[in-house]
Structures are given as C-alpha cells and as structure tokens.
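Below is the file structure.cif, which contains mmCIF, C-alpha atoms.
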data_run
loop_
_atom_site.label_atom_id
_atom_site.label_comp_id
_atom_site.auth_asym_id
_atom_site.auth_seq_id
_atom_site.Cartn_x
_atom_site.Cartn_y
_atom_site.Cartn_z
CA MET A 86 -11.00 18.90 8.14
CA ARG A 87 -9.62 15.58 9.38
CA LEU A 88 -6.74 14.33 7.25
CA TYR A 89 -5.81 10.65 7.10
CA GLY A 90 -2.52 9.32 5.74
CA LEU A 91 -2.95 5.79 4.39
CA GLU A 92 0.60 4.84 3.38
CA GLU A 93 2.56 5.53 6.55
CA HIS A 94 5.31 2.99 7.08
CA PHE A 95 7.14 1.53 10.05
CA VAL A 96 9.40 -1.43 10.83
CA THR A 97 10.17 -3.47 13.94
CA ALA A 98 13.54 -4.57 15.22
CA ASP A 99 12.44 -8.21 14.89
CA VAL A 100 11.62 -7.77 11.21
CA ILE A 101 14.97 -6.07 10.60
CA GLU A 102 16.78 -9.00 12.20
CA ALA A 103 14.78 -11.44 10.08
CA TRP A 104 15.74 -9.53 6.91
CA LYS A 105 19.40 -9.67 7.91
CA ARG A 106 19.25 -13.41 8.50
CA ARG A 107 17.60 -13.94 5.13
CA ASP A 108 19.86 -11.54 3.21
CA PRO A 109 22.90 -10.43 5.23
CA ARG A 110 24.04 -8.10 2.44
CA LEU A 111 20.59 -6.45 2.22
CA THR A 112 20.69 -6.59 -1.56
CA GLU A 113 17.15 -5.27 -1.99
CA PRO A 114 17.44 -1.46 -1.97
CA MET A 115 14.40 -0.83 0.22
CA MET A 116 15.72 -3.11 2.96
CA LYS A 117 19.04 -1.32 2.91
CA TRP A 118 17.34 2.08 3.18
CA ALA A 119 15.07 0.87 5.96
CA VAL A 120 17.84 -0.72 8.00
CA ALA A 121 20.83 1.58 7.58
CA SER A 122 19.92 5.11 6.53
CA ASP A 123 18.72 8.37 7.99
CA ILE A 124 15.08 7.19 7.82
CA THR A 125 15.65 4.13 10.03
CA PRO A 126 14.87 5.93 13.33
CA ALA A 127 11.64 7.30 11.86
CA LEU A 128 10.56 3.82 10.72
CA LEU A 129 11.23 2.34 14.15
CA ASP A 130 9.38 5.06 16.05
CA LEU A 131 5.69 4.54 16.81
CA ASP A 132 5.35 7.27 19.40
CA ASN A 133 6.21 10.93 19.93
CA GLU A 134 8.59 11.61 17.04
CA ARG A 135 6.16 10.17 14.51
CA ILE A 136 3.28 12.14 15.95
CA ALA A 137 5.39 15.30 15.85
CA ALA A 138 6.10 14.66 12.15
CA MET A 139 2.37 14.16 11.54
CA ASP A 140 1.59 17.43 13.29
CA ASP A 141 4.21 19.20 11.22
CA ALA A 142 2.76 17.88 7.94
CA GLY A 143 -0.84 18.48 9.00
CA ILE A 144 -1.88 14.81 9.19
CA ASP A 145 -4.36 13.93 11.91
CA VAL A 146 -4.39 10.12 11.63
CA SER A 147 -1.76 7.75 10.22
CA VAL A 148 -2.72 4.25 9.10
CA LEU A 149 0.43 2.31 9.97
CA SER A 150 1.84 -0.36 7.66
CA LEU A 151 4.95 -2.53 7.73
CA THR A 152 7.38 -1.17 5.17
CA THR A 153 8.26 -3.09 2.01
CA PRO A 154 9.22 -5.92 1.56
CA GLY A 155 7.44 -6.65 4.81
CA LEU A 156 7.30 -10.37 5.56
CA GLN A 157 7.01 -11.32 1.92
CA ASN A 158 10.67 -12.04 1.18
CA LEU A 159 11.16 -14.28 4.23
CA ASP A 160 11.06 -18.04 4.50
CA THR A 161 7.49 -19.15 5.10
CA ALA A 162 7.98 -20.41 8.65
CA GLU A 163 9.67 -17.20 9.77
CA ALA A 164 7.09 -15.03 8.02
CA VAL A 165 4.23 -16.87 9.71
CA ALA A 166 5.95 -16.60 13.10
CA LEU A 167 6.36 -12.83 12.71
CA GLN A 168 2.95 -11.81 11.41
CA ALA A 169 1.06 -11.98 14.71
CA PRO A 170 3.73 -10.17 16.80
CA THR A 171 4.02 -7.47 14.12
CA ASN A 172 0.28 -6.89 14.10
CA ASP A 173 0.19 -6.93 17.88
CA ALA A 174 2.80 -4.13 17.79
CA ILE A 175 0.60 -2.09 15.45
CA ALA A 176 -2.42 -2.62 17.67
CA ALA A 177 -0.42 -1.62 20.74
CA ALA A 178 0.63 1.64 19.07
CA VAL A 179 -3.01 2.34 18.19
CA ARG A 180 -4.00 1.75 21.81
CA ARG A 181 -1.24 4.07 23.05
CA HIS A 182 -2.33 6.83 20.71
CA PRO A 183 -6.05 6.44 20.01
CA GLY A 184 -7.27 8.97 17.52
CA ARG A 185 -3.81 9.36 15.96
CA PHE A 186 -3.03 5.88 14.65
CA GLN A 187 -4.89 3.15 12.81
CA GLY A 188 -3.31 0.10 11.21
CA PHE A 189 -3.05 -2.23 8.24
CA ALA A 190 -2.17 -5.83 9.04
CA ALA A 191 1.13 -7.34 7.88
CA LEU A 192 0.66 -10.79 6.35
CA ALA A 193 2.81 -13.83 5.61
CA THR A 194 1.56 -14.07 2.04
CA SER A 195 3.74 -17.11 1.29
CA ALA A 196 1.31 -19.06 3.51
CA PRO A 197 -2.03 -17.76 2.17
CA SER A 198 -4.33 -19.75 4.48
CA ALA A 199 -2.36 -18.62 7.55
CA ALA A 200 -2.33 -15.07 6.20
CA ALA A 201 -6.10 -15.13 5.70
CA ALA A 202 -6.60 -16.37 9.26
CA GLU A 203 -4.31 -13.64 10.59
CA LEU A 204 -6.18 -11.01 8.60
CA ARG A 205 -9.41 -12.14 10.27
CA ARG A 206 -7.76 -11.94 13.72
CA ALA A 207 -6.20 -8.56 12.99
CA VAL A 208 -9.54 -7.08 11.91
CA THR A 209 -11.95 -8.71 14.36
CA GLU A 210 -9.75 -8.93 17.47
CA LEU A 211 -7.12 -6.20 17.06
CA GLY A 212 -9.31 -3.64 15.31
CA LEU A 213 -7.02 -3.10 12.32
CA ASN A 214 -8.52 -1.74 9.11
CA GLY A 215 -7.49 -4.25 6.46
CA THR A 216 -4.03 -5.10 5.18
CA LEU A 217 -1.16 -3.75 3.14
CA VAL A 218 0.54 -6.29 0.88
CA ASN A 219 3.43 -5.87 -1.52
CA ALA A 220 3.10 -6.70 -5.20
CA ASN A 221 4.95 -10.00 -5.22
CA SER A 222 5.60 -12.74 -2.71
CA GLY A 223 8.58 -15.05 -2.98
CA GLY A 224 8.84 -14.39 -6.68
CA ARG A 225 5.12 -14.89 -7.34
CA ALA A 226 2.83 -12.10 -8.52
CA LEU A 227 -0.23 -11.67 -6.32
CA ASP A 228 -2.71 -12.44 -9.10
CA SER A 229 -1.91 -16.15 -8.74
CA PRO A 230 -4.86 -18.23 -7.44
CA GLU A 231 -2.70 -19.49 -4.59
CA PHE A 232 -3.19 -16.07 -2.93
CA TRP A 233 -6.94 -15.91 -3.36
CA ASP A 234 -7.61 -17.11 0.20
CA ILE A 235 -6.42 -13.66 1.29
CA TYR A 236 -8.81 -11.89 -1.06
CA GLU A 237 -11.67 -14.12 0.01
CA ALA A 238 -11.07 -13.18 3.65
CA ALA A 239 -10.75 -9.48 2.81
CA GLU A 240 -14.01 -9.50 0.84
CA ASP A 241 -15.83 -11.37 3.59
CA LEU A 242 -14.56 -8.87 6.17
CA ARG A 243 -15.22 -5.94 3.82
CA ALA A 244 -11.68 -4.89 4.71
CA PRO A 245 -9.54 -3.01 2.15
CA VAL A 246 -6.28 -4.33 0.73
CA TYR A 247 -3.61 -1.70 0.07
CA LEU A 248 -1.40 -3.00 -2.74
CA HIS A 249 2.08 -1.53 -2.32
CA PRO A 250 5.00 -1.77 -4.76
CA SER A 251 7.86 -4.16 -4.20
CA ALA A 252 11.18 -4.52 -5.97
CA PRO A 253 10.75 -6.08 -9.42
CA PHE A 254 11.80 -9.70 -9.90
CA PRO A 255 15.61 -10.05 -10.06
CA ALA A 256 15.61 -11.02 -13.76
CA VAL A 257 13.55 -7.93 -14.58
CA THR A 258 15.82 -5.74 -12.49
CA ARG A 259 18.92 -7.07 -14.25
CA ALA A 260 17.38 -6.59 -17.69
CA TYR A 261 15.87 -3.14 -17.28
CA TYR A 262 17.25 -1.34 -14.25
CA ARG A 263 21.01 -1.82 -14.28
CA GLY A 264 23.93 -0.20 -16.06
CA PHE A 265 24.14 3.27 -14.52
CA GLY A 266 25.78 2.48 -11.20
CA ALA A 267 24.41 2.80 -7.71
CA PRO A 268 22.46 4.71 -6.51
CA VAL A 269 20.89 5.47 -9.91
CA ASP A 270 20.23 1.78 -10.61
CA ASP A 271 18.51 1.31 -7.26
CA MET A 272 16.29 4.35 -7.60
CA LEU A 273 15.39 3.54 -11.21
CA ALA A 274 14.30 0.05 -10.12
CA THR A 275 12.27 1.28 -7.16
CA GLY A 276 10.94 4.71 -6.24
CA ALA A 277 11.60 6.52 -9.52
CA PHE A 278 9.84 4.08 -11.83
CA GLY A 279 10.42 0.34 -11.58
CA TRP A 280 8.32 -0.63 -8.66
CA HIS A 281 5.42 1.62 -9.72
CA TYR A 282 5.27 -0.03 -13.14
CA ASP A 283 5.50 -3.44 -11.43
CA ALA A 284 2.64 -2.69 -8.99
CA GLY A 285 0.42 -1.31 -11.74
CA LEU A 286 1.04 -4.40 -13.84
CA THR A 287 0.17 -6.56 -10.82
CA VAL A 288 -3.22 -4.86 -10.48
CA LEU A 289 -3.84 -5.25 -14.20
CA ARG A 290 -2.98 -8.94 -13.93
CA MET A 291 -5.34 -9.29 -10.96
CA ILE A 292 -8.19 -7.86 -13.03
CA ILE A 293 -7.43 -10.02 -16.07
CA ALA A 294 -7.02 -13.11 -13.87
CA GLY A 295 -10.59 -12.62 -12.66
CA VAL A 296 -9.87 -11.71 -9.04
CA PHE A 297 -12.58 -9.05 -8.98
CA ASP A 298 -15.08 -11.19 -10.87
CA ARG A 299 -14.56 -13.91 -8.26
CA PHE A 300 -14.58 -11.40 -5.37
CA PRO A 301 -16.73 -8.49 -6.58
CA GLY A 302 -16.81 -6.84 -3.16
CA LEU A 303 -13.03 -6.72 -2.80
CA GLN A 304 -11.68 -3.18 -2.41
CA LEU A 305 -8.08 -2.47 -3.34
CA VAL A 306 -6.14 0.72 -2.61
CA LEU A 307 -3.43 1.69 -5.08
CA GLY A 308 -0.89 4.40 -4.28
CA HIS A 309 1.24 6.81 -6.27
CA TRP A 310 -1.70 7.94 -8.41
CA GLY A 311 -2.51 4.44 -9.59
CA GLU A 312 1.00 3.10 -10.15
CA VAL A 313 1.27 4.18 -13.82
CA VAL A 314 -1.53 1.87 -15.02
CA LEU A 315 -4.25 4.47 -14.31
CA PHE A 316 -2.81 6.67 -17.03
CA TYR A 317 -3.08 3.95 -19.70
CA LEU A 318 -6.66 2.77 -19.32
CA ASP A 319 -7.70 4.11 -22.73
CA ARG A 320 -4.92 2.05 -24.32
CA ILE A 321 -5.52 -1.00 -22.14
CA ALA A 322 -9.12 -1.03 -23.36
CA ALA A 323 -7.79 -2.81 -26.47
CA MET A 324 -7.70 -5.94 -24.29
CA ASP A 325 -11.40 -5.86 -23.42
CA LYS A 326 -12.38 -7.94 -26.45
CA LEU A 327 -9.62 -10.47 -25.73
CA THR A 328 -10.61 -11.38 -22.17
CA GLU A 329 -13.59 -13.19 -20.71
CA LEU A 330 -14.15 -10.60 -17.99
CA ARG A 331 -17.66 -9.54 -17.05
CA ARG A 332 -16.91 -5.87 -17.60
CA PRO A 333 -14.42 -3.60 -19.40
CA ILE A 334 -11.11 -3.40 -17.55
CA ALA A 335 -11.50 0.32 -16.79
CA ASP A 336 -14.77 -0.36 -14.96
CA TYR A 337 -12.94 -2.23 -12.19
CA PHE A 338 -10.95 0.90 -11.42
CA ARG A 339 -14.21 2.74 -10.77
CA SER A 340 -15.78 0.07 -8.58
CA ASN A 341 -13.00 -1.90 -6.85
CA ILE A 342 -9.92 0.34 -6.68
CA PHE A 343 -9.17 3.46 -4.66
CA ILE A 344 -6.32 5.79 -5.60
CA THR A 345 -3.95 7.73 -3.33
CA PRO A 346 -1.09 10.11 -4.16
CA GLY A 347 1.40 8.13 -2.06
CA GLY A 348 3.44 11.24 -1.40
CA ILE A 349 3.34 12.65 -4.94
CA SER A 350 1.77 16.06 -4.33
CA SER A 351 0.66 16.78 -7.88
CA HIS A 352 -2.52 18.68 -8.69
CA LYS A 353 -2.04 17.64 -12.32
CA TYR A 354 -2.24 13.96 -11.35
CA LEU A 355 -5.15 14.73 -9.06
CA ARG A 356 -7.10 16.26 -11.95
CA TRP A 357 -6.38 13.23 -14.14
CA SER A 358 -7.44 10.84 -11.38
CA LEU A 359 -10.66 12.77 -10.76
CA GLU A 360 -11.51 12.57 -14.43
CA THR A 361 -10.60 8.88 -14.64
CA VAL A 362 -12.09 7.32 -11.50
CA GLY A 363 -14.11 10.08 -9.79
CA ILE A 364 -13.96 11.79 -6.41
CA GLU A 365 -15.42 8.78 -4.55
CA ARG A 366 -12.29 6.77 -5.40
CA ILE A 367 -9.52 9.09 -4.15
CA MET A 368 -7.98 9.22 -0.67
CA TYR A 369 -4.80 10.71 0.79
CA ALA A 370 -1.42 9.13 1.62
CA SER A 371 1.92 10.77 2.39
CA ASP A 372 4.34 7.78 2.10
CA TYR A 373 6.06 8.63 5.40
CA PRO A 374 8.98 8.55 6.09
CA PHE A 375 10.24 7.91 2.55
CA ASN A 376 8.60 11.14 1.48
CA ARG A 377 9.41 13.80 4.05
CA GLU A 378 6.56 16.30 4.05
CA ARG A 379 7.56 19.90 4.57
CA ALA A 380 5.82 21.93 7.27
CA GLY A 381 2.10 21.88 6.60
CA SER A 382 2.57 20.41 3.13
CA ALA A 383 0.10 17.52 3.40
CA ARG A 384 -2.76 19.77 4.38
CA ARG A 385 -1.64 22.50 1.98
CA PHE A 386 -1.80 20.07 -0.94
CA LEU A 387 -5.52 19.64 -0.36
CA GLU A 388 -6.26 23.20 0.67
CA THR A 389 -4.78 24.54 -2.57
CA ALA A 390 -6.24 21.84 -4.85
CA PRO A 391 -8.60 23.23 -7.53
CA ILE A 392 -11.64 21.37 -6.16
CA VAL A 393 -14.73 22.29 -4.17
CA GLU A 394 -14.82 21.94 -0.38
CA ALA A 395 -17.03 18.85 -0.42
CA ASP A 396 -14.52 17.06 -2.67
CA ARG A 397 -11.66 18.17 -0.43
CA GLU A 398 -13.39 16.55 2.52
CA ARG A 399 -13.98 13.36 0.57
CA ILE A 400 -10.28 12.95 -0.16
CA ALA A 401 -9.17 14.02 3.31
CA HIS A 402 -11.43 11.83 5.41
CA ARG A 403 -14.91 10.98 4.15
CA ASN A 404 -14.03 8.27 1.64
CA TRP A 405 -11.80 6.47 4.14
CA GLU A 406 -14.28 6.76 6.99
CA GLU A 407 -17.09 5.41 4.82
CA LEU A 408 -14.90 2.53 3.64
CA ILE A 409 -13.87 1.35 7.09
CA ALA A 410 -17.37 1.87 8.52
CA GLY A 411 -18.42 -1.12 6.43
CA ILE A 412 -15.82 -3.50 7.88
CA ARG A 413 -17.33 -6.57 9.52
CA ARG A 414 -15.84 -6.83 12.99
#
Target format structure tokens, applied to this file:
Amino acid sequence: MRLYGLEEHFVTADVIEAWKRRDPRLTEPMMKWAVASDITPALLDLDNERIAAMDDAGIDVSVLSLTTPGLQNLDTAEAVALQAPTNDAIAAAVRRHPGRFQGFAALATSAPSAAAAELRRAVTELGLNGTLVNANSGGRALDSPEFWDIYEAAEDLRAPVYLHPSAPFPAVTRAYYRGFGAPVDDMLATGAFGWHYDAGLTVLRMIIAGVFDRFPGLQLVLGHWGEVVLFYLDRIAAMDKLTELRRPIADYFRSNIFITPGGISSHKYLRWSLETVGIERIMYASDYPFNRERAGSARRFLETAPIVEADRERIAHRNWEELIAGIRR
C-alpha cells in the first residue's frame, strides 16, 4: 500500500533570510520555530535525513511544500523574486529523488497575476502537483476577488490548492490569544487552535464569496480534519437561506474540498470525516516536521483504522493519484 504525505514542509535558506529582513525579531511564532528551533535542520533538508524520517514513519512519497508563512508575509517584489527559485528547488529535489518526492508550488499571493503565471509554470514545466497557500496574504483573507486569478489558473490546470493555516491577523491575536504568557499564547494562536479556526473560516468565506460557484472545478485540500469548520456544517446550514449560492454550503465540502488529518492521528475524527464528506474526499498528511511521527506511526494509523481495505487504499494513495492524474500538463 503506497502512502502519500501531503503536508510535508520545508524551507530554504533564501526564504529564511527574507523573513529576517522583513521581521528581524521573527515575531510570528511559526517563523521563529522554523528558523531557530530543533526542527530547523529537518525543514532545510531535502535529501537523506528527510527520506530516513519518511521511512521511519512508513511514508512512501512526500509532497513538499514551503512552510508557513511562505512568501505571503513578504513585500511583493521580494515575494515575486523568490517564488521561481523556491519552486525550482522543489523540482530539483523531486528530480534527485524520483518516486519519493512530489511538490506543491510556493506562490507570491500578494501579486496574484504573477502567482497565477508561476503556478502554470510550476505545473506545466516543473511537474509540480498544484500549490499550497496559507490562509491570508498581507492581511487579506484569500476569499477576496483580488486572489481569484490564482483559482482561475488552478481550475484551468485541474491542479489542487492545499489551503494551509497561517497566524491570525494581529488584531485577532491580541484580542483572543494573549494573556497567558509565552509559549502558551503562541501555541493557542497557532497549532493548538487559532490558526485552525482561522483557516476553516477562510474556507467558509471562500464558499460564501462564490469562489466555487465561479470556479466549479476548483479542488481545495484542507488539513487537520477540515480545520474545525467540518465539524460545524449542520450548524452552518442556517446560512443556506441567507446566501445566493447555487447549492447548500455543505455540498461544496463533498464536491470541491478534500480533507487530510494533517498529523492528527485520530480514528474518531476519521469516522466523523467519513460520515460527513465520504471516503472519496479523504487523503493522508503527516505535517512533517512539526508533527514528529513515531516509528511506523503513519502507516499504523491507517492499518489500524476501522475501515475496509479498499477504503484504506483510497486514503493512502488512490484518491491522490486519481486527483493528480487529471492535471493538465
């Protein structure tokens, strides 16, 4: 059983230097963790150590993605200058280790037309399998029409967009995620809760804004078991009669959105997701290296899941392989 990991992060030295120029104090928690912690070597490595960690967890193929905040907190000119070299680095790693790595493009979302053009290059020339973007760009949520050039390109290419959390807006962070002292404040605002709520709200805003009505073929991937919003669809249905959408909000989750665990190895959440969106909409992700899988744990999560073998294969590899088989190169 081939096992793909779809949320497998890395960073380049050039991106780290750009972050430092933009924010010398590295005030965003995820930048600080990426740049100066025990996971930094793992993020920088795109060769033997990463493959050894994959082997240990039982992952056959990692789909590489630039870690949050990616290029999305940089000045536009610097972000645009970095997107091609970053994607070239991903493609080079894939060439060095064919069969072990695939890649999601990193985009300068603050320049949507340039980002859309780079997505086309990354898919058609570099062979990458879509893009991973973070939930806001320069203080703008990604439902805004200014970003729709990116979605238009993704739909035309039939290339998936993995929507990853990013740190909530500073005003939100100050209001809701402060008062307990570091590191509790930082974790509350990011990996424990804040950024999952923020990403789920971003997807909900995208649906309500009409992104999927305008681009019905667009396929989004949402990690961490649907970033909270998946668990509130019955309640969110109260909005159906208030919008001018073509379909009920929950329907978009069953036709345009894939779900991954993003490193949360919960059979309880798996059962809920199966009931909510169906087996055809679930794939695997380990969230490396932020979530350090124990020996064999990625494969063991699926092997011990209370599902039939055909469903196990769908989550492990079939859904992803069918999705990327449709990409227009």
Could you spell out the hits of the PyMOL selection byres ((chain A and resi 144) around 9) on the shown file, as a list of chain:residue names?
A:Arg87, A:Leu88, A:Tyr89, A:Gly90, A:Ile136, A:Ala138, A:Met139, A:Asp140, A:Asp141, A:Ala142, A:Gly143, A:Asp145, A:Val146, A:Ser147, A:Arg185, A:Ser371, A:Gly381, A:Ala383, A:Arg384
Which residues are near region 394-407 of chain A? Cut-off 12 Å, only C-alpha atoms, ignore same chain within fewer than 4 positions. Put them as a PyMOL selection string.
chain A and resi 86-91+143-148+187+214-215+243-245+304+306+343-346+355-356+358-359+363-371+383-390+411-412
List the spatial neighbours of Phe338 (chain A) as a list of chain:residue names - criterion: any atom at most 10 Å away, only C-alpha atoms, same-chain residues fewer than 4 positions off excluded.
A:Val288, A:Leu289, A:Ile292, A:Gln304, A:Leu305, A:Leu307, A:Gly311, A:Leu315, A:Leu318, A:Pro333, A:Ile334, A:Ile342, A:Phe343, A:Ile344, A:Thr361, A:Val362, A:Gly363, A:Arg366
Restricting the output to C-alpha atoms, write the selected residues as a compact mmCIF listing (two decimals), keeping the file's coordinate frame.
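Here's the written file part19.txt:
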# COMPACT_ATOMS: atom_id res chain seq x y z
CA VAL A 288 -3.22 -4.86 -10.48
CA LEU A 289 -3.84 -5.25 -14.20
CA ILE A 292 -8.19 -7.86 -13.03
CA GLN A 304 -11.68 -3.18 -2.41
CA LEU A 305 -8.08 -2.47 -3.34
CA LEU A 307 -3.43 1.69 -5.08
CA GLY A 311 -2.51 4.44 -9.59
CA LEU A 315 -4.25 4.47 -14.31
CA LEU A 318 -6.66 2.77 -19.32
CA PRO A 333 -14.42 -3.60 -19.40
CA ILE A 334 -11.11 -3.40 -17.55
CA ILE A 342 -9.92 0.34 -6.68
CA PHE A 343 -9.17 3.46 -4.66
CA ILE A 344 -6.32 5.79 -5.60
CA THR A 361 -10.60 8.88 -14.64
CA VAL A 362 -12.09 7.32 -11.50
CA GLY A 363 -14.11 10.08 -9.79
CA ARG A 366 -12.29 6.77 -5.40
Write out as a PyMOL selection string the residues lying within 7 Å of Glu240 (chain A), counting only C-alpha atoms and excluding same-chain residues fewer than 4 positions away.
chain A and resi 236+244+300+302-303
If you count all atoms listed in the file, which residues fall within 7 Å of Leu149 (chain A), apart from same-chain ones fewer than 4 positions away, as a VMD selection string?
chain A and resid 93 to 95 186 to 189
Find, counting only C-alpha atoms, the residue in A:Asp298, A:Leu273, A:Phe316, A:Asn221 that gets nearest to Lys353 (chain A).
A:Phe316
Selection dump of the PyMOL selection byres ((chain A and resi 129) around 12), as an MDAnalysis selection string
chainID A and resid 93:101 119:128 130:135 149:152 174:175 178 373:374
How would you write, as a ChimeraX atom specification, the residues chosen by the PyMOL selection byres ((chain A and resi 208) around 9) on this structure?
/A:189-190,203-207,209-216,242,244,412-414
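CA of Thr194 (chain A) is found 10.7 Å from CA of Leu217 (chain A).
Going from CA of Leu167 (chain A) to CA of Pro230 (chain A) covers 23.7 Å.
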